[in-house]
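**Student:** Sharing work_7.pdb (PDB, C-alpha atoms) below.
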```pdb
ATOM      1  CA  MET R   1      14.505   2.599  31.476
ATOM      2  CA  LYS R   2      14.596   5.299  28.794
ATOM      3  CA  THR R   3      11.367   5.949  26.872
ATOM      4  CA  VAL R   4      10.109   7.729  23.772
ATOM      5  CA  LEU R   5       6.547   8.934  23.280
ATOM      6  CA  ALA R   6       5.401   7.446  19.972
ATOM      7  CA  GLY R   7       2.256   8.005  17.954
ATOM      8  CA  ASP R   8       0.409   6.489  15.026
ATOM      9  CA  LEU R   9      -1.720   9.091  13.221
ATOM     10  CA  GLY R  10      -4.085   7.017  11.115
ATOM     11  CA  GLY R  11      -7.026   7.838   8.912
ATOM     12  CA  THR R  12      -9.535   6.167  11.258
ATOM     13  CA  LYS R  13      -7.883   6.400  14.667
ATOM     14  CA  CYS R  14      -4.728   7.666  16.349
ATOM     15  CA  ARG R  15      -2.725   5.756  18.947
ATOM     16  CA  PHE R  16      -0.134   7.074  21.391
ATOM     17  CA  ALA R  17       2.109   5.259  23.860
ATOM     18  CA  LEU R  18       5.473   5.130  25.590
ATOM     19  CA  VAL R  19       7.992   2.868  23.844
ATOM     20  CA  THR R  20      10.976   1.419  25.687
ATOM     21  CA  ALA R  21      14.261   0.083  24.328
ATOM     22  CA  ASP R  22      13.049  -3.504  24.804
ATOM     23  CA  PHE R  23      10.148  -2.743  22.399
ATOM     24  CA  GLY R  24       7.653  -2.451  25.237
ATOM     25  CA  VAL R  25       4.533  -0.390  24.528
ATOM     26  CA  HIS R  26       3.039   1.253  27.619
ATOM     27  CA  ALA R  27       0.281   3.683  28.668
ATOM     28  CA  VAL R  28      -1.570   3.331  25.355
ATOM     29  CA  GLN R  29      -4.190   5.924  24.429
ATOM     30  CA  HIS R  30      -6.564   5.845  21.432
ATOM     31  CA  VAL R  31      -8.579   8.661  19.897
ATOM     32  CA  PRO R  32     -10.735   8.666  16.750
ATOM     33  CA  THR R  33      -9.479  10.627  13.764
ATOM     34  CA  VAL R  34     -11.760  13.547  13.010
ATOM     35  CA  ARG R  35     -11.581  15.800   9.943
ATOM     36  CA  ASN R  36     -11.908  19.099  11.842
ATOM     37  CA  GLN R  37      -8.388  20.424  12.544
ATOM     38  CA  PRO R  38      -8.998  22.186  15.917
ATOM     39  CA  GLU R  39     -10.891  19.156  17.221
ATOM     40  CA  PHE R  40      -8.202  16.786  15.921
ATOM     41  CA  LEU R  41      -5.414  18.766  17.584
ATOM     42  CA  ARG R  42      -7.326  19.002  20.855
ATOM     43  CA  SER R  43      -7.960  15.254  21.083
ATOM     44  CA  MET R  44      -4.345  14.469  20.120
ATOM     45  CA  GLU R  45      -2.978  16.847  22.756
ATOM     46  CA  GLN R  46      -5.235  15.356  25.414
ATOM     47  CA  ALA R  47      -4.161  11.823  24.516
ATOM     48  CA  ILE R  48      -0.472  12.757  24.667
ATOM     49  CA  ALA R  49      -1.009  14.424  28.035
ATOM     50  CA  ARG R  50      -2.660  11.256  29.359
ATOM     51  CA  VAL R  51       0.312   9.160  28.219
ATOM     52  CA  LEU R  52       2.744  11.549  29.911
ATOM     53  CA  ALA R  53       0.754  11.208  33.136
ATOM     54  CA  GLN R  54       1.137   7.390  33.133
ATOM     55  CA  VAL R  55       4.885   6.763  33.014
ATOM     56  CA  PRO R  56       5.267   3.217  34.432
ATOM     57  CA  ALA R  57       7.409   2.454  37.462
ATOM     58  CA  GLY R  58      10.995   1.806  36.429
ATOM     59  CA  CYS R  59      10.692   3.991  33.337
ATOM     60  CA  GLU R  60      11.985   7.508  32.808
ATOM     61  CA  PRO R  61       9.815  10.256  31.313
ATOM     62  CA  PRO R  62      10.171  10.321  27.518
ATOM     63  CA  VAL R  63      13.185  12.083  26.030
ATOM     64  CA  ALA R  64      11.652  12.568  22.561
ATOM     65  CA  MET R  65       8.468  12.170  20.543
ATOM     66  CA  GLY R  66       8.131  10.309  17.251
ATOM     67  CA  LEU R  67       4.963  10.234  15.153
ATOM     68  CA  GLY R  68       4.188   7.907  12.280
ATOM     69  CA  THR R  69       1.694   9.631  10.048
ATOM     70  CA  ALA R  70      -0.030   9.095   6.755
ATOM     71  CA  GLY R  71       1.164  11.573   4.133
ATOM     72  CA  VAL R  72       4.364  13.056   2.749
ATOM     73  CA  ILE R  73       6.872  14.578   5.173
ATOM     74  CA  PRO R  74       9.136  17.233   3.584
ATOM     75  CA  HIS R  75      12.859  17.151   4.293
ATOM     76  CA  ASP R  76      12.578  19.793   7.011
ATOM     77  CA  GLY R  77      10.385  17.339   8.923
ATOM     78  CA  GLY R  78       8.131  20.004  10.384
ATOM     79  CA  SER R  79       4.792  19.314   8.710
ATOM     80  CA  ILE R  80       2.821  17.005   6.431
ATOM     81  CA  ASP R  81       2.664  18.274   2.877
ATOM     82  CA  TYR R  82       0.126  15.787   1.607
ATOM     83  CA  ALA R  83      -2.247  14.195   4.114
ATOM     84  CA  PRO R  84      -5.463  13.105   2.366
ATOM     85  CA  ASN R  85      -6.794  11.282   5.440
ATOM     86  CA  LEU R  86      -5.777  13.848   8.097
ATOM     87  CA  PRO R  87      -6.711  17.542   8.628
ATOM     88  CA  LEU R  88      -3.052  18.528   8.866
ATOM     89  CA  ASP R  89      -1.915  19.600   5.397
ATOM     90  CA  LYS R  90       1.068  21.952   5.860
ATOM     91  CA  PHE R  91       0.246  22.500   9.539
ATOM     92  CA  PRO R  92       3.529  23.114  11.520
ATOM     93  CA  LEU R  93       2.977  20.018  13.640
ATOM     94  CA  THR R  94       6.431  19.521  15.153
ATOM     95  CA  GLN R  95       6.682  23.181  16.174
ATOM     96  CA  HIS R  96       3.197  23.010  17.673
ATOM     97  CA  LEU R  97       3.889  19.876  19.723
ATOM     98  CA  GLU R  98       7.371  20.922  20.817
ATOM     99  CA  GLY R  99       5.923  24.183  22.100
ATOM    100  CA  LEU R 100       3.330  22.324  24.159
ATOM    101  CA  PHE R 101       5.278  19.325  25.447
ATOM    102  CA  HIS R 102       8.938  20.433  25.225
ATOM    103  CA  LEU R 103      10.043  17.201  23.574
ATOM    104  CA  PRO R 104      12.079  17.097  20.337
ATOM    105  CA  THR R 105       9.573  15.744  17.821
ATOM    106  CA  THR R 106      10.174  13.704  14.670
ATOM    107  CA  LEU R 107       7.648  12.922  11.935
ATOM    108  CA  ILE R 108       7.954   9.852   9.719
ATOM    109  CA  ASN R 109       5.614   8.449   7.090
ATOM    110  CA  ASP R 110       3.580   5.676   8.717
ATOM    111  CA  GLY R 111       4.391   3.104   6.036
ATOM    112  CA  ARG R 112       8.097   3.658   6.578
ATOM    113  CA  ALA R 113       7.613   3.572  10.331
ATOM    114  CA  SER R 114       5.814   0.222  10.025
ATOM    115  CA  ALA R 115       8.537  -1.208   7.811
ATOM    116  CA  TRP R 116      11.262  -0.061  10.198
ATOM    117  CA  GLY R 117       9.423  -1.630  13.124
ATOM    118  CA  GLU R 118       8.916  -4.911  11.264
ATOM    119  CA  TYR R 119      12.576  -4.893  10.200
ATOM    120  CA  MET R 120      13.733  -4.494  13.800
ATOM    121  CA  ARG R 121      11.257  -6.886  15.376
ATOM    122  CA  GLY R 122       8.883  -8.766  13.116
ATOM    123  CA  ASN R 123       8.287 -11.921  11.145
ATOM    124  CA  ALA R 124      10.780 -10.721   8.530
ATOM    125  CA  VAL R 125      13.352  -9.290  10.927
ATOM    126  CA  GLY R 126      16.606  -8.319   9.248
ATOM    127  CA  ARG R 127      15.409  -9.110   5.706
ATOM    128  CA  ASP R 128      16.791  -6.558   3.240
ATOM    129  CA  PRO R 129      15.347  -5.176   1.016
ATOM    130  CA  LEU R 130      12.125  -5.464   2.995
ATOM    131  CA  LEU R 131       8.809  -4.373   1.472
ATOM    132  CA  CYS R 132       5.838  -3.769   3.763
ATOM    133  CA  LEU R 133       2.330  -3.103   2.480
ATOM    134  CA  PHE R 134      -0.487  -2.167   4.833
ATOM    135  CA  PHE R 135      -4.083  -2.096   3.675
ATOM    136  CA  GLY R 136      -5.860   0.122   6.201
ATOM    137  CA  THR R 137      -8.087   3.169   5.791
ATOM    138  CA  GLY R 138      -5.615   4.015   3.035
ATOM    139  CA  ILE R 139      -2.679   2.015   1.725
ATOM    140  CA  GLY R 140       0.706   2.364   3.382
ATOM    141  CA  ILE R 141       4.016   1.162   2.012
ATOM    142  CA  GLY R 142       7.479   1.035   3.480
ATOM    143  CA  LEU R 143      10.727  -0.116   1.898
ATOM    144  CA  ILE R 144      13.850  -0.865   3.917
ATOM    145  CA  VAL R 145      17.073  -0.687   1.902
ATOM    146  CA  ASP R 146      20.491  -1.153   3.536
ATOM    147  CA  GLY R 147      18.864  -1.180   6.955
ATOM    148  CA  LYS R 148      16.990   2.108   6.713
ATOM    149  CA  PRO R 149      13.721   3.389   5.247
ATOM    150  CA  TYR R 150      13.869   4.582   1.662
ATOM    151  CA  GLY R 151      12.487   8.092   1.208
ATOM    152  CA  GLY R 152      13.315   9.136  -2.332
ATOM    153  CA  PHE R 153      14.577  12.480  -3.645
ATOM    154  CA  ALA R 154      11.946  14.682  -1.971
ATOM    155  CA  ASN R 155      11.178  12.253   0.874
ATOM    156  CA  ALA R 156       7.937  11.534  -0.961
ATOM    157  CA  ALA R 157       8.535   7.938  -2.082
ATOM    158  CA  GLY R 158       5.965   5.317  -1.269
ATOM    159  CA  GLU R 159       2.500   6.751  -1.945
ATOM    160  CA  ILE R 160       1.678   3.636  -3.926
ATOM    161  CA  GLY R 161      -2.009   3.797  -3.019
ATOM    162  CA  HIS R 162      -2.204   6.975  -5.061
ATOM    163  CA  THR R 163      -0.766   5.514  -8.228
ATOM    164  CA  THR R 164      -3.287   4.961 -11.006
ATOM    165  CA  TYR R 165      -5.095   1.653 -11.246
ATOM    166  CA  ARG R 166      -7.977   2.622 -13.558
ATOM    167  CA  PRO R 167      -7.767   5.918 -15.463
ATOM    168  CA  ASN R 168     -10.982   7.906 -14.980
ATOM    169  CA  GLY R 169     -12.047   5.395 -12.335
ATOM    170  CA  ARG R 170     -13.588   5.764  -8.895
ATOM    171  CA  PRO R 171     -12.970   8.951  -6.865
ATOM    172  CA  CYS R 172     -10.137   8.775  -4.340
ATOM    173  CA  PRO R 173     -10.158  10.562  -0.951
ATOM    174  CA  CYS R 174      -7.191  12.593  -2.189
ATOM    175  CA  GLY R 175      -9.452  14.309  -4.739
ATOM    176  CA  ARG R 176      -8.176  12.514  -7.827
ATOM    177  CA  VAL R 177      -9.646   9.432  -9.485
ATOM    178  CA  GLY R 178      -8.788   5.849 -10.338
ATOM    179  CA  HIS R 179      -6.137   5.232  -7.673
ATOM    180  CA  PHE R 180      -5.508   1.834  -6.101
ATOM    181  CA  GLU R 181      -6.748   3.242  -2.793
ATOM    182  CA  SER R 182     -10.124   3.885  -4.459
ATOM    183  CA  TYR R 183     -10.551   0.123  -4.900
ATOM    184  CA  CYS R 184      -8.732  -1.668  -2.073
ATOM    185  CA  GLY R 185      -8.374   0.894   0.697
ATOM    186  CA  GLY R 186     -10.580   0.269   3.729
ATOM    187  CA  ARG R 187     -12.414   3.582   3.456
ATOM    188  CA  ALA R 188     -13.229   2.931  -0.189
ATOM    189  CA  LEU R 189     -14.611  -0.523   0.643
ATOM    190  CA  THR R 190     -16.879   0.698   3.432
ATOM    191  CA  GLU R 191     -18.050   3.735   1.454
ATOM    192  CA  ARG R 192     -18.954   1.507  -1.489
ATOM    193  CA  ALA R 193     -20.839  -0.817   0.853
ATOM    194  CA  ALA R 194     -22.812   2.128   2.204
ATOM    195  CA  GLU R 195     -23.661   3.157  -1.358
ATOM    196  CA  GLN R 196     -24.513  -0.278  -2.726
ATOM    197  CA  CYS R 197     -25.326  -2.718   0.081
ATOM    198  CA  GLY R 198     -27.853  -0.837   2.170
ATOM    199  CA  VAL R 199     -27.775  -0.107   5.891
ATOM    200  CA  ALA R 200     -24.927  -1.732   7.832
ATOM    201  CA  PRO R 201     -25.875  -4.339  10.463
ATOM    202  CA  LYS R 202     -24.540  -2.157  13.277
ATOM    203  CA  GLY R 203     -24.992   1.231  11.665
ATOM    204  CA  GLU R 204     -21.563   1.560  10.051
ATOM    205  CA  TRP R 205     -19.928  -0.819   7.598
ATOM    206  CA  THR R 206     -16.679  -2.625   8.383
ATOM    207  CA  VAL R 207     -14.635  -4.804   6.061
ATOM    208  CA  GLY R 208     -15.545  -7.857   8.123
ATOM    209  CA  GLN R 209     -19.250  -7.128   7.693
ATOM    210  CA  ILE R 210     -18.821  -6.803   3.920
ATOM    211  CA  VAL R 211     -17.079 -10.211   3.876
ATOM    212  CA  SER R 212     -19.899 -11.758   5.908
ATOM    213  CA  LEU R 213     -22.547 -10.278   3.628
ATOM    214  CA  ALA R 214     -20.741 -11.522   0.521
ATOM    215  CA  ALA R 215     -20.880 -15.076   1.903
ATOM    216  CA  ALA R 216     -24.601 -14.862   2.673
ATOM    217  CA  ASP R 217     -27.732 -15.113   0.555
ATOM    218  CA  ALA R 218     -29.207 -11.763   1.467
ATOM    219  CA  THR R 219     -30.071  -8.351   0.111
ATOM    220  CA  GLY R 220     -26.860  -6.652  -0.967
ATOM    221  CA  SER R 221     -24.750  -9.824  -1.077
ATOM    222  CA  ALA R 222     -24.181  -9.624  -4.858
ATOM    223  CA  ALA R 223     -22.972  -6.037  -4.504
ATOM    224  CA  ALA R 224     -20.696  -7.082  -1.634
ATOM    225  CA  ARG R 225     -19.168  -9.841  -3.765
ATOM    226  CA  THR R 226     -18.519  -7.362  -6.578
ATOM    227  CA  ILE R 227     -16.848  -4.906  -4.186
ATOM    228  CA  LEU R 228     -14.592  -7.632  -2.782
ATOM    229  CA  ALA R 229     -13.745  -9.078  -6.215
ATOM    230  CA  GLU R 230     -12.664  -5.662  -7.463
ATOM    231  CA  ALA R 231     -10.700  -5.028  -4.262
ATOM    232  CA  GLU R 232      -8.921  -8.381  -4.551
ATOM    233  CA  GLU R 233      -7.981  -7.684  -8.150
ATOM    234  CA  ALA R 234      -6.610  -4.251  -7.240
ATOM    235  CA  ALA R 235      -4.690  -5.421  -4.167
ATOM    236  CA  ALA R 236      -3.116  -8.352  -5.987
ATOM    237  CA  THR R 237      -2.141  -6.141  -8.920
ATOM    238  CA  LEU R 238      -0.602  -3.561  -6.612
ATOM    239  CA  VAL R 239       1.521  -6.110  -4.702
ATOM    240  CA  THR R 240       2.554  -7.864  -7.923
ATOM    241  CA  ASN R 241       3.674  -4.590  -9.478
ATOM    242  CA  ALA R 242       5.608  -3.633  -6.345
ATOM    243  CA  CYS R 243       7.409  -6.983  -6.254
ATOM    244  CA  ILE R 244       8.393  -6.754  -9.914
ATOM    245  CA  LEU R 245       9.578  -3.171  -9.504
ATOM    246  CA  LEU R 246      11.446  -3.543  -6.192
ATOM    247  CA  ASN R 247      12.515  -7.222  -6.066
ATOM    248  CA  PRO R 248      12.329  -7.491  -2.254
ATOM    249  CA  SER R 249      13.731 -10.350  -0.185
ATOM    250  CA  ALA R 250      10.575 -10.334   1.948
ATOM    251  CA  VAL R 251       7.080  -8.868   1.792
ATOM    252  CA  VAL R 252       5.113  -8.116   4.945
ATOM    253  CA  LEU R 253       1.349  -7.773   4.485
ATOM    254  CA  GLY R 254      -0.815  -6.200   7.169
ATOM    255  CA  GLY R 255      -3.459  -3.638   8.026
ATOM    256  CA  GLY R 256      -7.091  -3.496   9.047
ATOM    257  CA  VAL R 257      -8.456  -4.667   5.694
ATOM    258  CA  LEU R 258      -6.555  -7.947   6.043
ATOM    259  CA  SER R 259      -7.655  -8.262   9.675
ATOM    260  CA  GLY R 260     -11.277  -8.085   8.565
ATOM    261  CA  TRP R 261     -10.675 -10.193   5.471
ATOM    262  CA  PRO R 262      -7.936 -12.730   6.329
ATOM    263  CA  ALA R 263      -8.404 -14.786   3.143
ATOM    264  CA  LEU R 264      -7.183 -11.854   1.059
ATOM    265  CA  ARG R 265      -3.582 -12.345   2.193
ATOM    266  CA  ASN R 266      -3.231 -15.821   0.652
ATOM    267  CA  ARG R 267      -5.036 -14.715  -2.491
ATOM    268  CA  ILE R 268      -2.559 -11.879  -2.954
ATOM    269  CA  VAL R 269       0.388 -14.240  -2.482
ATOM    270  CA  GLU R 270      -1.062 -16.734  -4.966
ATOM    271  CA  ARG R 271      -1.540 -13.993  -7.542
ATOM    272  CA  VAL R 272       1.989 -12.666  -7.062
ATOM    273  CA  ARG R 273       3.475 -16.116  -7.553
ATOM    274  CA  ALA R 274       1.318 -16.712 -10.641
ATOM    275  CA  ASN R 275       2.162 -13.391 -12.279
ATOM    276  CA  THR R 276       5.870 -12.870 -11.609
ATOM    277  CA  ALA R 277       8.985 -14.637 -12.854
ATOM    278  CA  PRO R 278      10.538 -17.291 -10.585
ATOM    279  CA  LEU R 279      13.519 -14.987 -10.071
ATOM    280  CA  ILE R 280      11.152 -12.558  -8.335
ATOM    281  CA  HIS R 281       9.076 -14.935  -6.221
ATOM    282  CA  ASP R 282      10.996 -18.203  -5.654
ATOM    283  CA  LYS R 283      12.937 -17.153  -2.553
ATOM    284  CA  VAL R 284      10.916 -14.199  -1.367
ATOM    285  CA  LEU R 285       9.400 -14.537   2.120
ATOM    286  CA  PHE R 286       5.754 -13.511   2.455
ATOM    287  CA  ALA R 287       5.048 -12.727   6.083
ATOM    288  CA  GLU R 288       2.160 -11.526   8.185
ATOM    289  CA  SER R 289       2.723  -8.326  10.122
ATOM    290  CA  LEU R 290       3.858  -9.144  13.654
ATOM    291  CA  GLY R 291       3.746  -5.689  15.147
ATOM    292  CA  GLY R 292       0.574  -4.303  13.564
ATOM    293  CA  SER R 293       0.049  -0.862  15.015
ATOM    294  CA  ASP R 294       2.917  -1.495  17.426
ATOM    295  CA  ALA R 295       5.283  -1.660  14.440
ATOM    296  CA  ILE R 296       4.382   1.939  13.578
ATOM    297  CA  LEU R 297       5.144   2.963  17.155
ATOM    298  CA  TRP R 298       8.485   1.118  17.109
ATOM    299  CA  GLY R 299       9.420   2.756  13.808
ATOM    300  CA  ALA R 300       8.326   6.196  14.986
ATOM    301  CA  ALA R 301      10.430   5.734  18.130
ATOM    302  CA  ALA R 302      13.375   4.577  15.999
ATOM    303  CA  ALA R 303      13.102   7.707  13.858
ATOM    304  CA  THR R 304      13.917   9.875  16.896
ATOM    305  CA  ARG R 305      17.278   8.050  17.322
ATOM    306  CA  ALA R 306      16.750   8.374  21.073
ATOM    307  CA  LEU R 307      16.368   4.650  21.890
ATOM    308  CA  TRP R 308      18.367   2.841  19.243
ATOM    309  CA  PRO R 309      21.326   4.073  17.179
TER     310      PRO R 309
END
```
Any chance you could put this one into structure tokens?
**Tutor:**
Amino acid sequence: MKTVLAGDLGGTKCRFALVTADFGVHAVQHVPTVRNQPEFLRSMEQAIARVLAQVPAGCEPPVAMGLGTAGVIPHDGGSIDYAPNLPLDKFPLTQHLEGLFHLPTTLINDGRASAWGEYMRGNAVGRDPLLCLFFGTGIGIGLIVDGKPYGGFANAAGEIGHTTYRPNGRPCPCGRVGHFESYCGGRALTERAAEQCGVAPKGEWTVGQIVSLAAADATGSAAARTILAEAEEAAATLVTNACILLNPSAVVLGGGVLSGWPALRNRIVERVRANTAPLIHDKVLFAESLGGSDAILWGAAAATRALWP
């Protein structure tokens, strides 16, 4: 069976695997995302090499490589122009990887990759327009229109996490202030917990630990409740605005923040329905992500055009 090597370059971790035409995901490798570029490249290269060494029986070696990555991919597809959570700004990534592994390499924004994967095989399969919003380390968005990801004039559409929520508000990892990601991105939540809630139970805060603390009567619980209340307000506002602007037929909600805080999904949906006209919300399908990280890999593989037309 033909395969593509697919990757998910995320702000917290990176994941690489072989994807087959039946949506199988094989020989998975994970590495943490580090902010030092030489170290990042070294760990990525080692992970890719390990995947290439584990081609399953009955599968061919990969014919292409597709990478879903946070950031803006210019039309030439060779680099990431704007990668606030990765040490790869303007680095010639496709040239670098093609030189090492001799596979034609395609980069696609991770939000678009996720949306494409969910459109092909998810809880909202075939729904068009399809809006996907992923609350992870940052905030990813993908929009499928007429069966393909929407990129915009400069292929820069979709950085909704870096639109302004509160002018002159909290600092954002991108270096600006007041963005939605500063309030409901996973990194922002855990950084605020470290600032305001004391030492994490296991040394490093997670969203799930913040939720647990907010439900307890303990030191830092009031701060945790404030952090979550502000995050809920921001996330619900963001999704409401996107639905009004884009009028999708379905909305897929996913990402690590929702995994650690499952109640947030229903609260977002309730807020959208309460704050949009019936024409916007009556027939829209709200769905949980089926593929999760696999959806990014499916979409990255699809972007190569090597498995599916």
**Student:** What does the distance from atom CA of Val145 of chain R to atom CA of Pro278 of chain R come to in Å, to one decimal?
**Tutor:**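 Distance reported for this atom pair: 21.8 Å.
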**Student:** How many Å separate atom CA of Ala6 of chain R from atom CA of Arg265 of chain R?
**Tutor:**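 Spanning atom CA of Ala6 of chain R to atom CA of Arg265 of chain R is a straight-line distance of 28.1 Å.
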**Student:** Please expand the PyMOL selection byres ((chain R and resi 222) around 12) into the concrete residues it hits in this file, giving the result as a PyMOL selection string.
**Tutor:** chain R and resi 193+196-198+210-221+223-229
**Student:** Take the PyMOL selection byres ((chain R and resi 159-176) around 9), apply it to the structure above, and return the hits as a list of chain:residue names.
**Tutor:**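 Selected by the PyMOL selection byres ((chain R and resi 159-176) around 9) here: R:Gly71, R:Val72, R:Tyr82, R:Ala83, R:Pro84, R:Asn85, R:Gly111, R:Gly138, R:Ile139, R:Gly140, R:Ile141, R:Ala156, R:Ala157, R:Gly158, R:Val177, R:Gly178, R:His179, R:Phe180, R:Glu181, R:Ser182, R:Tyr183, R:Cys184, R:Gly185, R:Arg187, R:Ala188, R:Ala234, R:Thr237, R:Leu238, R:Ala242.
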**Student:** Residue by residue, what does the PyMOL selection byres ((chain R and resi 252) around 6) grab here? Present the result as JSON, numbers by chain.
**Tutor:** {"R": [132, 251, 253, 286, 287, 288, 289]}
**Student:** Ranking R:Leu246, R:Ala306, R:Val19, R:Val55 by minimum distance to Leu130 of chain R and counting all atoms listed in the file, which one comes first?
**Tutor:**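 So, comparing all the options, the nearest one is R:Leu246.
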**Student:** What lies within 10 Å of segment 91-107 of chain R using only C-alpha atoms, ignoring chain neighbours under 4 positions off, as a ChimeraX atom specification?
**Tutor:** /R:4-7,37,41,44-45,48-49,52,62-69,72-74,76-81,87,113,300-306
**Student:** Nearest to Gly136 of chain R: which of R:Ala115, R:Cys59, R:Val34, R:Leu189 is it, counting all atoms listed in the file?
**Tutor:** R:Leu189
**Student:** Write out as a PDB file with C-alpha atoms, keeping the file's coordinate frame which residues come within 12 Å of segment 125-129 of chain R when counting all atoms listed in the file, dropping same-chain ones fewer than 6 positions away.
**Tutor:**
```pdb
ATOM      1  CA  ALA R 115       8.537  -1.208   7.811  1.00  0.00           C
ATOM      2  CA  TRP R 116      11.262  -0.061  10.198  1.00  0.00           C
ATOM      3  CA  GLY R 117       9.423  -1.630  13.124  1.00  0.00           C
ATOM      4  CA  GLU R 118       8.916  -4.911  11.264  1.00  0.00           C
ATOM      5  CA  TYR R 119      12.576  -4.893  10.200  1.00  0.00           C
ATOM      6  CA  GLY R 142       7.479   1.035   3.480  1.00  0.00           C
ATOM      7  CA  LEU R 143      10.727  -0.116   1.898  1.00  0.00           C
ATOM      8  CA  ILE R 144      13.850  -0.865   3.917  1.00  0.00           C
ATOM      9  CA  VAL R 145      17.073  -0.687   1.902  1.00  0.00           C
ATOM     10  CA  ASP R 146      20.491  -1.153   3.536  1.00  0.00           C
ATOM     11  CA  GLY R 147      18.864  -1.180   6.955  1.00  0.00           C
ATOM     12  CA  LYS R 148      16.990   2.108   6.713  1.00  0.00           C
ATOM     13  CA  PRO R 149      13.721   3.389   5.247  1.00  0.00           C
ATOM     14  CA  TYR R 150      13.869   4.582   1.662  1.00  0.00           C
ATOM     15  CA  CYS R 243       7.409  -6.983  -6.254  1.00  0.00           C
ATOM     16  CA  LEU R 246      11.446  -3.543  -6.192  1.00  0.00           C
ATOM     17  CA  ASN R 247      12.515  -7.222  -6.066  1.00  0.00           C
ATOM     18  CA  PRO R 248      12.329  -7.491  -2.254  1.00  0.00           C
ATOM     19  CA  SER R 249      13.731 -10.350  -0.185  1.00  0.00           C
ATOM     20  CA  ALA R 250      10.575 -10.334   1.948  1.00  0.00           C
ATOM     21  CA  VAL R 251       7.080  -8.868   1.792  1.00  0.00           C
ATOM     22  CA  VAL R 252       5.113  -8.116   4.945  1.00  0.00           C
ATOM     23  CA  LYS R 283      12.937 -17.153  -2.553  1.00  0.00           C
ATOM     24  CA  VAL R 284      10.916 -14.199  -1.367  1.00  0.00           C
ATOM     25  CA  LEU R 285       9.400 -14.537   2.120  1.00  0.00           C
ATOM     26  CA  PHE R 286       5.754 -13.511   2.455  1.00  0.00           C
ATOM     27  CA  ALA R 287       5.048 -12.727   6.083  1.00  0.00           C
ATOM     28  CA  GLU R 288       2.160 -11.526   8.185  1.00  0.00           C
ATOM     29  CA  SER R 289       2.723  -8.326  10.122  1.00  0.00           C
ATOM     30  CA  LEU R 290       3.858  -9.144  13.654  1.00  0.00           C
ATOM     31  CA  GLY R 291       3.746  -5.689  15.147  1.00  0.00           C
ATOM     32  CA  ALA R 295       5.283  -1.660  14.440  1.00  0.00           C
TER      33      ALA R 295
END
```
**Student:** Got a sec: who's within 12 Å of Ser43 of chain R, counting only C-alpha atoms, leaving out chain neighbours fewer than 3 positions off, as an MDAnalysis selection string?
**Tutor:** chainID R and resid 9 13:16 29:40 46:50
**Student:** R:Asp294, R:His75, R:Thr206, R:Trp308: which is nearest Val28 of chain R, counting only C-alpha atoms?
**Tutor:**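 Of the candidates, the smallest distance to Val28 of chain R is held by R:Asp294.
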**Student:** Which one is closest to Gln209 of chain R: R:Val239, R:Val257, R:Ile268, R:Met120? Count all atoms listed in the file.
**Tutor:**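 Of the candidates, the smallest distance to Gln209 of chain R is held by R:Val257.
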**Student:** Could you tell me which of R:Ala27, R:Gln54, R:Gly10, R:Val269 comes closest to Leu88 of chain R if we count all atoms listed in the file?
**Tutor:**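 Selected residue with least distance to Leu88 of chain R: R:Gly10.
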**Student:** For the atom pair atom CA of Lys2 of chain R and atom CA of Gly299 of chain R, what is the interatomic distance in Å to one decimal place?
**Tutor:**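 According to the coordinates, atom CA of Lys2 of chain R and atom CA of Gly299 of chain R are separated by 16.1 Å.
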**Student:** Would you mind writing segment 164-173 of chain R with N, CA and C atoms, as a PDB file, in the frame of the given file?
**Tutor:**
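Dumped to part-v6.pdb:
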```
ATOM      1  N   THR R 164      -2.057   5.194 -10.251  1.00  0.00           N
ATOM      2  CA  THR R 164      -3.287   4.961 -11.006  1.00  0.00           C
ATOM      3  C   THR R 164      -3.501   3.480 -11.293  1.00  0.00           C
ATOM      4  N   TYR R 165      -4.671   3.023 -10.954  1.00  0.00           N
ATOM      5  CA  TYR R 165      -5.095   1.653 -11.246  1.00  0.00           C
ATOM      6  C   TYR R 165      -6.032   1.642 -12.450  1.00  0.00           C
ATOM      7  N   ARG R 166      -7.041   2.516 -12.439  1.00  0.00           N
ATOM      8  CA  ARG R 166      -7.977   2.622 -13.558  1.00  0.00           C
ATOM      9  C   ARG R 166      -8.148   4.089 -13.919  1.00  0.00           C
ATOM     10  N   PRO R 167      -7.575   4.526 -15.039  1.00  0.00           N
ATOM     11  CA  PRO R 167      -7.767   5.918 -15.463  1.00  0.00           C
ATOM     12  C   PRO R 167      -9.253   6.266 -15.519  1.00  0.00           C
ATOM     13  N   ASN R 168      -9.593   7.432 -15.013  1.00  0.00           N
ATOM     14  CA  ASN R 168     -10.982   7.906 -14.980  1.00  0.00           C
ATOM     15  C   ASN R 168     -11.891   6.999 -14.155  1.00  0.00           C
ATOM     16  N   GLY R 169     -11.286   6.319 -13.158  1.00  0.00           N
ATOM     17  CA  GLY R 169     -12.047   5.395 -12.335  1.00  0.00           C
ATOM     18  C   GLY R 169     -12.698   6.061 -11.138  1.00  0.00           C
ATOM     19  N   ARG R 170     -12.871   5.297 -10.075  1.00  0.00           N
ATOM     20  CA  ARG R 170     -13.588   5.764  -8.895  1.00  0.00           C
ATOM     21  C   ARG R 170     -12.852   6.924  -8.226  1.00  0.00           C
ATOM     22  N   PRO R 171     -13.611   7.842  -7.585  1.00  0.00           N
ATOM     23  CA  PRO R 171     -12.970   8.951  -6.865  1.00  0.00           C
ATOM     24  C   PRO R 171     -12.136   8.436  -5.696  1.00  0.00           C
ATOM     25  N   CYS R 172     -11.026   9.102  -5.453  1.00  0.00           N
ATOM     26  CA  CYS R 172     -10.137   8.775  -4.340  1.00  0.00           C
ATOM     27  C   CYS R 172     -10.281   9.862  -3.272  1.00  0.00           C
ATOM     28  N   PRO R 173     -10.088   9.530  -1.995  1.00  0.00           N
ATOM     29  CA  PRO R 173     -10.158  10.562  -0.951  1.00  0.00           C
ATOM     30  C   PRO R 173      -9.204  11.730  -1.160  1.00  0.00           C
TER      31      PRO R 173
END
```
